[in-house]
>>> print(open('structure-v6.cif').read())   # mmCIF, C-alpha atoms
data_target
loop_
_atom_site.group_PDB
_atom_site.id
_atom_site.type_symbol
_atom_site.label_atom_id
_atom_site.label_comp_id
_atom_site.auth_asym_id
_atom_site.auth_seq_id
_atom_site.Cartn_x
_atom_site.Cartn_y
_atom_site.Cartn_z
ATOM 1 C CA MET W 646 -10.842 9.308 26.996
ATOM 2 C CA ASN W 647 -12.620 6.200 25.840
ATOM 3 C CA ARG W 648 -10.579 3.142 25.017
ATOM 4 C CA GLY W 649 -12.992 1.755 22.396
ATOM 5 C CA ARG W 650 -10.418 -0.526 20.809
ATOM 6 C CA ALA W 651 -12.693 -3.248 19.530
ATOM 7 C CA LEU W 652 -13.865 -1.071 16.680
ATOM 8 C CA PRO W 653 -11.774 0.339 13.866
ATOM 9 C CA TYR W 654 -12.086 3.840 15.352
ATOM 10 C CA ARG W 655 -9.148 2.865 17.551
ATOM 11 C CA PHE W 656 -7.693 0.519 15.013
ATOM 12 C CA VAL W 657 -6.771 3.552 12.985
ATOM 13 C CA ARG W 658 -7.146 1.930 9.589
ATOM 14 C CA LEU W 659 -6.799 5.229 7.753
ATOM 15 C CA MET W 660 -6.735 7.530 10.706
ATOM 16 C CA VAL W 661 -3.391 7.413 12.378
ATOM 17 C CA LEU W 662 -1.670 5.848 9.428
ATOM 18 C CA ALA W 663 11.537 8.565 8.493
ATOM 19 C CA ALA W 664 13.467 7.341 10.719
ATOM 20 C CA SER W 665 13.895 3.604 10.203
ATOM 21 C CA LEU W 666 14.729 1.540 13.292
ATOM 22 C CA GLY W 667 14.521 -2.131 14.207
ATOM 23 C CA VAL W 668 11.867 -3.186 16.728
ATOM 24 C CA VAL W 669 12.230 -6.570 18.342
ATOM 25 C CA LEU W 670 8.795 -8.108 18.970
ATOM 26 C CA GLN W 671 8.191 -10.566 21.750
ATOM 27 C CA GLY W 672 8.347 -14.044 20.315
ATOM 28 C CA THR W 673 10.593 -13.089 17.388
ATOM 29 C CA ALA W 674 14.244 -13.836 17.032
ATOM 30 C CA ALA W 675 15.561 -10.884 15.055
ATOM 31 C CA ALA W 676 14.972 -7.205 14.458
ATOM 32 C CA ILE W 677 12.645 -6.232 11.638
ATOM 33 C CA GLN W 678 13.985 -3.927 8.964
ATOM 34 C CA TRP W 679 11.416 -1.199 8.394
ATOM 35 C CA ARG W 680 11.146 0.783 5.154
ATOM 36 C CA PRO W 681 9.921 4.396 5.518
ATOM 37 C CA LEU W 682 6.528 4.790 3.865
ATOM 38 C CA ALA W 683 4.744 8.042 4.758
ATOM 39 C CA ARG W 684 4.246 10.783 7.332
ATOM 40 C CA THR W 685 0.831 11.712 8.683
ATOM 41 C CA ALA W 686 -0.096 14.554 11.014
ATOM 42 C CA ARG W 687 0.804 12.369 13.997
ATOM 43 C CA HIS W 688 3.027 9.499 12.873
ATOM 44 C CA ASP W 689 5.908 8.371 10.753
ATOM 45 C CA VAL W 690 4.713 5.210 8.994
ATOM 46 C CA ALA W 691 7.024 2.393 7.904
ATOM 47 C CA VAL W 692 6.363 -0.951 6.193
ATOM 48 C CA ASP W 693 7.935 -4.371 6.753
ATOM 49 C CA MET W 694 8.346 -5.831 3.265
ATOM 50 C CA ASP W 695 9.482 -9.143 4.756
ATOM 51 C CA SER W 696 6.022 -9.625 6.305
ATOM 52 C CA LEU W 697 4.292 -9.990 2.939
ATOM 53 C CA LYS W 698 2.341 -13.228 2.507
ATOM 54 C CA LEU W 699 -0.477 -14.291 0.204
ATOM 55 C CA THR W 700 -3.538 -15.821 1.895
ATOM 56 C CA PRO W 701 -5.824 -18.466 0.327
ATOM 57 C CA LEU W 702 -8.342 -15.679 -0.288
ATOM 58 C CA GLY W 703 -5.795 -13.864 -2.412
ATOM 59 C CA ARG W 704 -5.107 -11.097 0.091
ATOM 60 C CA VAL W 705 -1.639 -9.756 0.847
ATOM 61 C CA THR W 706 -0.604 -9.484 4.496
ATOM 62 C CA VAL W 707 1.644 -6.692 5.724
ATOM 63 C CA TRP W 708 2.829 -5.101 8.979
ATOM 64 C CA LEU W 709 2.908 -1.290 9.273
ATOM 65 C CA ARG W 710 4.679 0.606 12.038
ATOM 66 C CA PHE W 711 3.365 3.919 13.435
ATOM 67 C CA THR W 712 5.909 6.042 15.320
ATOM 68 C CA PRO W 713 4.671 9.279 16.946
ATOM 69 C CA LEU W 714 6.300 12.430 15.588
ATOM 70 C CA GLY W 715 7.003 13.832 19.050
ATOM 71 C CA GLU W 716 6.189 13.605 22.731
ATOM 72 C CA PRO W 717 2.768 15.319 22.461
ATOM 73 C CA GLN W 718 1.718 12.798 19.820
ATOM 74 C CA ARG W 719 3.124 9.928 21.911
ATOM 75 C CA LYS W 720 1.180 11.011 24.992
ATOM 76 C CA LEU W 721 -1.991 11.364 22.943
ATOM 77 C CA ALA W 722 -1.624 7.824 21.582
ATOM 78 C CA ALA W 723 -0.739 6.495 25.043
ATOM 79 C CA GLY W 724 -4.015 7.892 26.323
ATOM 80 C CA GLU W 725 -5.997 6.490 23.411
ATOM 81 C CA TYR W 726 -4.605 2.994 23.875
ATOM 82 C CA GLY W 727 -4.558 3.085 27.671
ATOM 83 C CA GLU W 728 -0.841 2.248 27.855
ATOM 84 C CA LYS W 729 1.311 4.823 29.641
ATOM 85 C CA GLN W 730 4.501 3.175 28.395
ATOM 86 C CA TYR W 731 3.375 3.337 24.764
ATOM 87 C CA ARG W 732 6.190 4.211 22.363
ATOM 88 C CA LEU W 733 4.743 3.135 19.011
ATOM 89 C CA HIS W 734 2.319 0.608 17.576
ATOM 90 C CA LEU W 735 2.217 -1.949 14.774
ATOM 91 C CA GLU W 736 -0.781 -2.828 12.615
ATOM 92 C CA TYR W 737 -1.207 -6.083 10.690
ATOM 93 C CA TYR W 738 -3.391 -5.865 7.577
ATOM 94 C CA GLU W 739 -4.789 -8.092 4.902
ATOM 95 C CA ILE W 740 -5.117 -6.172 1.636
ATOM 96 C CA ASP W 741 -7.332 -7.191 -1.278
ATOM 97 C CA CYS W 742 -5.324 -5.715 -4.132
ATOM 98 C CA SER W 743 -7.949 -6.309 -6.826
ATOM 99 C CA GLU W 744 -10.727 -4.580 -4.868
ATOM 100 C CA GLN W 745 -8.534 -1.980 -3.134
ATOM 101 C CA THR W 746 -9.941 -2.925 0.245
ATOM 102 C CA ASP W 747 -8.374 -4.006 3.530
ATOM 103 C CA VAL W 748 -9.098 -5.526 6.905
ATOM 104 C CA LEU W 749 -7.077 -4.782 10.029
ATOM 105 C CA GLU W 750 -6.348 -8.050 11.857
ATOM 106 C CA LEU W 751 -4.032 -7.079 14.736
ATOM 107 C CA ILE W 752 -2.539 -4.138 16.599
ATOM 108 C CA ASP W 753 0.556 -4.557 18.764
ATOM 109 C CA ILE W 754 1.299 -1.815 21.301
ATOM 110 C CA ILE W 755 5.064 -1.478 21.771
ATOM 111 C CA GLY W 756 6.748 -0.026 24.835
ATOM 112 C CA PRO W 757 10.337 0.654 25.901
ATOM 113 C CA ASP W 758 13.033 -1.668 24.538
ATOM 114 C CA GLY W 759 10.644 -3.015 21.918
ATOM 115 C CA LYS W 760 8.528 -4.910 24.462
ATOM 116 C CA ARG W 761 4.998 -5.702 23.337
ATOM 117 C CA LEU W 762 2.638 -4.278 25.955
ATOM 118 C CA ALA W 763 -0.641 -5.477 24.458
ATOM 119 C CA ARG W 764 -2.166 -7.125 21.422
ATOM 120 C CA MET W 765 -5.609 -6.223 20.108
ATOM 121 C CA LYS W 766 -7.519 -8.221 17.563
ATOM 122 C CA GLY W 767 -9.385 -6.699 14.642
ATOM 123 C CA GLY W 768 -11.210 -8.498 11.877
ATOM 124 C CA GLY W 769 -14.564 -7.602 10.393
ATOM 125 C CA PRO W 770 -15.578 -6.750 6.835
ATOM 126 C CA LEU W 771 -13.231 -5.372 4.222
ATOM 127 C CA ALA W 772 -13.230 -1.572 4.026
ATOM 128 C CA ALA W 773 -12.296 0.673 1.140
ATOM 129 C CA ILE W 774 -8.732 1.984 1.056
ATOM 130 C CA PHE W 775 -8.870 5.752 0.872
ATOM 131 C CA PRO W 776 -6.874 7.104 -2.109
ATOM 132 C CA GLY W 777 -3.716 8.914 -1.074
ATOM 133 C CA SER W 778 -3.662 7.468 2.442
ATOM 134 C CA ALA W 779 -0.658 5.754 3.967
ATOM 135 C CA LEU W 780 -2.368 2.404 3.484
ATOM 136 C CA ASP W 781 -2.922 3.262 -0.168
ATOM 137 C CA LEU W 782 0.822 3.903 -0.514
ATOM 138 C CA ALA W 783 1.520 0.580 1.191
ATOM 139 C CA ALA W 784 -0.823 -1.258 -1.177
ATOM 140 C CA LYS W 785 0.942 0.269 -4.190
ATOM 141 C CA GLN W 786 4.222 -1.113 -2.884
ATOM 142 C CA VAL W 787 3.124 -4.566 -1.789
ATOM 143 C CA CYS W 788 0.509 -5.541 -4.371
ATOM 144 C CA PRO W 789 2.832 -5.710 -7.411
ATOM 145 C CA SER W 790 4.891 -8.331 -5.572
ATOM 146 C CA PHE W 791 1.985 -10.785 -5.657
ATOM 147 C CA GLU W 792 0.397 -10.361 -9.053
ATOM 148 C CA ASP W 793 -0.986 -13.643 -10.422
ATOM 149 C CA GLU W 794 0.273 -15.665 -7.443
ATOM 150 C CA THR W 795 -1.700 -18.274 -5.501
ATOM 151 C CA VAL W 796 -0.979 -20.079 -2.285
ATOM 152 C CA SER W 797 -2.261 -23.214 -0.580
ATOM 153 C CA ASP W 798 -3.601 -23.346 2.940
ATOM 154 C CA ASP W 799 -0.538 -25.081 4.360
ATOM 155 C CA GLU W 800 1.721 -22.281 3.082
ATOM 156 C CA VAL W 801 -0.051 -19.557 5.036
ATOM 157 C CA GLU W 802 1.885 -18.186 8.004
ATOM 158 C CA THR W 803 0.423 -16.370 10.961
ATOM 159 C CA PRO W 804 1.989 -13.228 12.447
ATOM 160 C CA ASP W 805 3.097 -15.144 15.539
ATOM 161 C CA SER W 806 3.008 -18.757 16.614
ATOM 162 C CA ASN W 807 1.158 -17.816 19.803
ATOM 163 C CA ASP W 808 -1.696 -15.746 18.306
ATOM 164 C CA THR W 809 -4.455 -18.190 19.247
ATOM 165 C CA GLU W 810 -2.869 -19.079 22.560
ATOM 166 C CA GLU W 811 -2.933 -15.470 23.709
ATOM 167 C CA ALA W 812 -6.721 -15.496 23.564
ATOM 168 C CA SER W 813 -6.862 -17.811 26.561
ATOM 169 C CA THR W 814 -6.772 -16.626 30.131
ATOM 170 C CA GLN W 815 -3.573 -18.553 30.761
ATOM 171 C CA GLN W 816 -1.784 -16.557 28.074
ATOM 172 C CA VAL W 817 -2.826 -13.115 29.310
ATOM 173 C CA PRO W 818 0.374 -11.041 29.651
ATOM 174 C CA GLU W 819 1.821 -10.983 33.140
ATOM 175 C CA GLU W 820 1.390 -7.224 33.418
ATOM 176 C CA VAL W 821 -2.320 -7.499 32.609
ATOM 177 C CA ARG W 822 -2.789 -10.365 35.071
ATOM 178 C CA ALA W 823 -1.212 -8.186 37.741
ATOM 179 C CA ARG W 824 -3.553 -5.328 36.860
ATOM 180 C CA ILE W 825 -6.565 -7.653 37.098
ATOM 181 C CA ALA W 826 -5.460 -8.924 40.506
ATOM 182 C CA GLU W 827 -4.854 -5.405 41.795
ATOM 183 C CA ALA W 828 -8.206 -4.166 40.499
ATOM 184 C CA LEU W 829 -10.010 -7.152 42.039
ATOM 185 C CA GLN W 830 -8.509 -6.295 45.409
ATOM 186 C CA LYS W 831 -9.715 -2.715 45.062
ATOM 187 C CA THR W 832 -13.266 -3.795 44.228
ATOM 188 C CA GLN W 833 -13.303 -6.180 47.187
ATOM 189 C CA LYS W 834 -12.113 -3.479 49.575
ATOM 190 C CA SER W 835 -14.366 -0.766 48.109
ATOM 191 C CA PRO W 836 -17.309 -2.311 46.229
ATOM 192 C CA GLY W 837 -18.864 1.129 45.930
ATOM 193 C CA ASN W 838 -15.834 2.563 44.110
ATOM 194 C CA GLN W 839 -16.866 3.114 40.495
ATOM 195 C CA ALA W 840 -13.302 3.836 39.408
ATOM 196 C CA ALA W 841 -12.170 0.453 40.736
ATOM 197 C CA TRP W 842 -14.802 -1.420 38.727
ATOM 198 C CA ARG W 843 -13.886 0.586 35.660
ATOM 199 C CA GLU W 844 -10.229 -0.252 36.186
ATOM 200 C CA LEU W 845 -11.134 -3.940 36.475
ATOM 201 C CA GLY W 846 -13.175 -3.770 33.287
ATOM 202 C CA ASN W 847 -10.287 -2.112 31.473
ATOM 203 C CA ALA W 848 -7.864 -4.778 32.689
ATOM 204 C CA TYR W 849 -10.151 -7.578 31.486
ATOM 205 C CA TYR W 850 -10.546 -5.654 28.218
ATOM 206 C CA ASP W 851 -6.781 -5.613 27.727
ATOM 207 C CA GLY W 852 -6.634 -9.288 28.661
ATOM 208 C CA ASP W 853 -9.074 -10.150 25.845
ATOM 209 C CA GLN W 854 -11.718 -11.416 28.294
ATOM 210 C CA PRO W 855 -14.903 -9.732 27.038
ATOM 211 C CA GLN W 856 -17.438 -11.420 29.329
ATOM 212 C CA GLN W 857 -15.515 -10.533 32.478
ATOM 213 C CA ALA W 858 -15.042 -6.990 31.181
ATOM 214 C CA ILE W 859 -18.778 -6.654 30.486
ATOM 215 C CA GLU W 860 -19.618 -7.761 34.022
ATOM 216 C CA ALA W 861 -17.114 -5.346 35.586
ATOM 217 C CA TYR W 862 -18.455 -2.490 33.461
ATOM 218 C CA ASP W 863 -21.973 -3.445 34.599
ATOM 219 C CA ARG W 864 -20.917 -2.866 38.202
ATOM 220 C CA ALA W 865 -19.364 0.483 37.276
ATOM 221 C CA LEU W 866 -22.499 1.559 35.412
ATOM 222 C CA ALA W 867 -24.695 0.531 38.341
ATOM 223 C CA LEU W 868 -22.861 3.202 40.334
ATOM 224 C CA VAL W 869 -22.664 5.858 37.588
ATOM 225 C CA PRO W 870 -25.194 5.000 34.842
ATOM 226 C CA ASP W 871 -24.460 7.956 32.577
ATOM 227 C CA ASP W 872 -20.763 7.382 31.918
ATOM 228 C CA ALA W 873 -20.498 7.536 28.120
ATOM 229 C CA ASP W 874 -16.915 6.253 28.051
ATOM 230 C CA ILE W 875 -17.751 3.095 29.982
ATOM 231 C CA LEU W 876 -20.807 2.544 27.790
ATOM 232 C CA ASN W 877 -18.557 2.725 24.737
ATOM 233 C CA ASP W 878 -16.027 0.337 26.244
ATOM 234 C CA GLN W 879 -18.709 -2.136 27.245
ATOM 235 C CA GLY W 880 -20.278 -1.817 23.805
ATOM 236 C CA ALA W 881 -16.955 -2.756 22.253
ATOM 237 C CA MET W 882 -16.872 -5.858 24.440
ATOM 238 C CA TYR W 883 -20.435 -6.779 23.469
ATOM 239 C CA ARG W 884 -19.430 -6.496 19.840
ATOM 240 C CA GLN W 885 -16.316 -8.599 20.363
ATOM 241 C CA SER W 886 -18.486 -11.299 21.935
ATOM 242 C CA GLY W 887 -20.838 -11.176 18.921
ATOM 243 C CA ASP W 888 -23.783 -9.410 20.582
ATOM 244 C CA PHE W 889 -24.171 -6.661 17.993
ATOM 245 C CA THR W 890 -27.634 -5.559 19.124
ATOM 246 C CA ARG W 891 -26.476 -4.848 22.675
ATOM 247 C CA ALA W 892 -23.309 -3.235 21.374
ATOM 248 C CA LEU W 893 -25.377 -0.826 19.295
ATOM 249 C CA ALA W 894 -27.671 -0.114 22.255
ATOM 250 C CA ASN W 895 -24.642 0.885 24.308
ATOM 251 C CA PHE W 896 -23.249 3.157 21.611
ATOM 252 C CA GLU W 897 -26.620 4.827 21.058
ATOM 253 C CA ARG W 898 -27.085 5.354 24.788
ATOM 254 C CA ALA W 899 -23.597 6.870 25.033
ATOM 255 C CA LEU W 900 -24.448 9.167 22.142
ATOM 256 C CA LYS W 901 -27.588 10.397 23.875
ATOM 257 C CA ILE W 902 -25.512 11.230 26.937
ATOM 258 C CA ALA W 903 -22.720 12.876 24.908
ATOM 259 C CA PRO W 904 -24.218 13.973 21.537
ATOM 260 C CA TYR W 905 -20.866 15.204 20.219
ATOM 261 C CA ASN W 906 -18.897 12.083 21.127
ATOM 262 C CA LEU W 907 -17.283 11.217 17.807
ATOM 263 C CA GLU W 908 -16.310 7.720 18.847
ATOM 264 C CA SER W 909 -19.877 6.822 19.780
ATOM 265 C CA LEU W 910 -21.112 8.244 16.505
ATOM 266 C CA TYR W 911 -18.514 6.331 14.506
ATOM 267 C CA ASN W 912 -19.347 3.093 16.332
ATOM 268 C CA VAL W 913 -23.076 3.532 15.709
ATOM 269 C CA GLY W 914 -22.403 3.847 11.994
ATOM 270 C CA TYR W 915 -19.982 0.957 11.864
ATOM 271 C CA VAL W 916 -22.158 -1.569 13.704
ATOM 272 C CA ASN W 917 -25.237 -0.580 11.695
ATOM 273 C CA ALA W 918 -23.356 -0.993 8.430
ATOM 274 C CA PHE W 919 -21.140 -3.998 8.870
ATOM 275 C CA ASP W 920 -22.731 -6.013 11.663
ATOM 276 C CA LEU W 921 -26.479 -5.380 11.277
ATOM 277 C CA ASN W 922 -26.673 -4.518 7.551
ATOM 278 C CA ARG W 923 -28.591 -1.301 8.150
ATOM 279 C CA MET W 924 -26.874 0.902 5.628
ATOM 280 C CA ASP W 925 -29.462 3.678 5.822
ATOM 281 C CA LYS W 926 -28.818 4.073 9.552
ATOM 282 C CA ALA W 927 -25.086 3.864 8.960
ATOM 283 C CA ARG W 928 -25.128 6.592 6.309
ATOM 284 C CA GLU W 929 -27.142 8.799 8.649
ATOM 285 C CA ALA W 930 -24.512 8.396 11.382
ATOM 286 C CA TRP W 931 -21.618 8.930 8.955
ATOM 287 C CA ARG W 932 -23.112 12.146 7.581
ATOM 288 C CA ARG W 933 -23.645 13.436 11.088
ATOM 289 C CA TYR W 934 -20.058 12.540 11.888
ATOM 290 C CA LEU W 935 -18.825 14.677 8.988
ATOM 291 C CA GLU W 936 -20.906 17.583 10.238
ATOM 292 C CA LEU W 937 -18.743 17.536 13.362
ATOM 293 C CA ASP W 938 -15.393 16.522 11.892
ATOM 294 C CA ARG W 939 -14.205 16.898 8.307
ATOM 295 C CA THR W 940 -10.462 17.268 8.721
ATOM 296 C CA SER W 941 -9.159 14.320 10.747
ATOM 297 C CA GLU W 942 -7.887 11.086 9.269
ATOM 298 C CA THR W 943 -10.907 9.360 10.791
ATOM 299 C CA ALA W 944 -13.117 11.743 8.830
ATOM 300 C CA LEU W 945 -11.344 10.644 5.650
ATOM 301 C CA GLN W 946 -12.281 7.062 6.421
ATOM 302 C CA VAL W 947 -15.882 8.030 7.093
ATOM 303 C CA GLN W 948 -15.957 9.936 3.812
ATOM 304 C CA GLY W 949 -14.611 6.828 2.113
ATOM 305 C CA PHE W 950 -17.449 4.777 3.592
ATOM 306 C CA ILE W 951 -20.016 7.226 2.255
ATOM 307 C CA GLU W 952 -18.451 7.240 -1.216
ATOM 308 C CA ARG W 953 -18.358 3.448 -1.312
ATOM 309 C CA TYR W 954 -21.703 2.650 0.307
ATOM 310 C CA GLY W 955 -23.721 5.844 -0.166
ATOM 311 C CA LYS W 956 -26.585 6.169 -2.601
#
>>> encode(input="structure-v6.cif", output="structure tokens")
Amino acid sequence: MNRGRALPYRFVRLMVLAASLGVVLQGTAAAIQWRPLARTARHDVAVDMDSLKLTPLGRVTVWLRFTPLGEPQRKLAAGEYGEKQYRLHLEYYEIDCSEQTDVLELIDIIGPDGKRLARMKGGGPLAAIFPGSALDLAAKQVCPSFEDETVSDDEVETPDSNDTEEASTQQVPEEVRARIAEALQKTQKSPGNQAAWRELGNAYYDGDQPQQAIEAYDRALALVPDDADILNDQGAMYRQSGDFTRALANFERALKIAPYNLESLYNVGYVNAFDLNRMDKAREAWRRYLELDRTSETALQVQGFIERYGK
């Protein structure tokens, strides 16, 4: 299954949004007290009311926790995020209460004993909050706490003190560095092994090193050019590096290879809409998406896009 985590398809803004338990994050001193919020088809969702802050842009920040309902759901999420030890994940949002829109800034993948296995960065344009979704319920709880409040730049707090540091190679988690080293050895021993180059690309992906990931995926694609999953992953890295045109080319090529690949179709629509300002192309992709999927939580998000940006 494709990783595709640079786009909101994997960020699960409205898609994969109880029992309350404390999760200790790396770099924090105390357990967070989570308040049960909602239950989706796959997750129990909880909100950390202590994480609420008001940004200079007037948005409210909040952490949400997504706990799989059972082992089948856990394994499914573990495959989606590429982390076998996945137990749950956290999502950090900025919510524009006046416009009822949001942007997903971070995802933390949590493993056994509350250890953070990976951090993925989001960002991008604000998207409409779908009525009745878990995020909509969160907004109804957090927004009243900040009515008519303002904040100065020096009052804004970041989710962690090491957010920017983690973007550097030196701050890549030890586990990911080990994976990179192991994958490099495999490619050196067997340069014709497509799986080894893919593994290296995935390790660089998880280490937030897009250029290295792109180059490793290039080597994998040179061996197997028609691998739609690798094309999607490389496209996500192109987008993260700001090369939206090449990202779109990858997603479109993947879609030609696998016409019913929902992730490719979603990514084509998203990049056209929010990176290249081609709303007509985006609407075309979104409508095609809904022809293939109308029931998932991702489909609800796509429907929300059409209602907000459709003619």
>>> resolve_selection(input="structure-v6.cif", expression="the PyMOL selection byres ((chain W and resi 849-857) around 7)", output="PDB file with C-alpha atoms, keeping the file's coordinate frame")
ATOM      1  CA  ALA W 763      -0.641  -5.477  24.458  1.00  0.00           C
ATOM      2  CA  ALA W 812      -6.721 -15.496  23.564  1.00  0.00           C
ATOM      3  CA  VAL W 817      -2.826 -13.115  29.310  1.00  0.00           C
ATOM      4  CA  VAL W 821      -2.320  -7.499  32.609  1.00  0.00           C
ATOM      5  CA  ILE W 825      -6.565  -7.653  37.098  1.00  0.00           C
ATOM      6  CA  LEU W 845     -11.134  -3.940  36.475  1.00  0.00           C
ATOM      7  CA  GLY W 846     -13.175  -3.770  33.287  1.00  0.00           C
ATOM      8  CA  ASN W 847     -10.287  -2.112  31.473  1.00  0.00           C
ATOM      9  CA  ALA W 848      -7.864  -4.778  32.689  1.00  0.00           C
ATOM     10  CA  ALA W 858     -15.042  -6.990  31.181  1.00  0.00           C
ATOM     11  CA  ILE W 859     -18.778  -6.654  30.486  1.00  0.00           C
ATOM     12  CA  GLU W 860     -19.618  -7.761  34.022  1.00  0.00           C
ATOM     13  CA  ALA W 861     -17.114  -5.346  35.586  1.00  0.00           C
ATOM     14  CA  MET W 882     -16.872  -5.858  24.440  1.00  0.00           C
ATOM     15  CA  GLN W 885     -16.316  -8.599  20.363  1.00  0.00           C
ATOM     16  CA  SER W 886     -18.486 -11.299  21.935  1.00  0.00           C
TER      17      SER W 886
END
>>> atom_distance(input="structure-v6.cif", atom1="CA of Gln718 in chain W", atom2="CA of Gln946 in chain W")
20.2 Å
>>> resolve_selection(input="structure-v6.cif", expression="the PyMOL selection byres ((chain W and resi 682-694) around 7)", output="count of residues only")
20
>>> residues_around(input="structure-v6.cif", residues="range 893-908 of chain W", least_positions_apart="2", cutoff="6 Å", atoms="only C-alpha atoms", output="number ranges by chain")
W: 873, 876-877, 880, 890-891, 910-911, 913
>>> atom_distance(input="structure-v6.cif", atom1="CA of Gly756 in chain W", atom2="CA of Ala841 in chain W")
24.7 Å
>>> closest_residue(input="structure-v6.cif", among="W:Val705, W:Ile875, W:Leu937, W:Ile754", to="Leu733 in chain W", atoms="only C-alpha atoms")
W:Ile754
>>> atom_distance(input="structure-v6.cif", atom1="CA of Asn917 in chain W", atom2="CA of Asp871 in chain W")
22.6 Å
>>> residues_around(input="structure-v6.cif", residues="Ala772 in chain W", least_positions_apart="3", cutoff="8 Å", atoms="all atoms listed in the file", output="list in words")
Thr746, Asp747, Val748 and Phe950 of chain W
>>> resolve_selection(input="structure-v6.cif", expression="the PyMOL selection byres ((chain W and resi 728) around 12)", output="MDAnalysis selection string")
chainID W and resid 648 719:727 729:734 753:757 761:764 820:821 847:848 851
>>> closest_residue(input="structure-v6.cif", among="W:Ala867, W:Ala828, W:Leu780, W:Val787", to="Arg704 in chain W", atoms="all atoms listed in the file")
W:Val787
>>> closest_residue(input="structure-v6.cif", among="W:Ile774, W:Lys760, W:Pro789, W:Tyr883", to="Glu744 in chain W", atoms="all atoms listed in the file")
W:Ile774
>>> closest_residue(input="structure-v6.cif", among="W:Phe775, W:Trp842, W:Tyr954, W:Tyr862", to="Ala927 in chain W", atoms="all atoms listed in the file")
W:Tyr954
>>> closest_residue(input="structure-v6.cif", among="W:Glu819, W:Pro717, W:Glu936, W:Pro770", to="Tyr915 in chain W", atoms="only C-alpha atoms")
W:Pro770
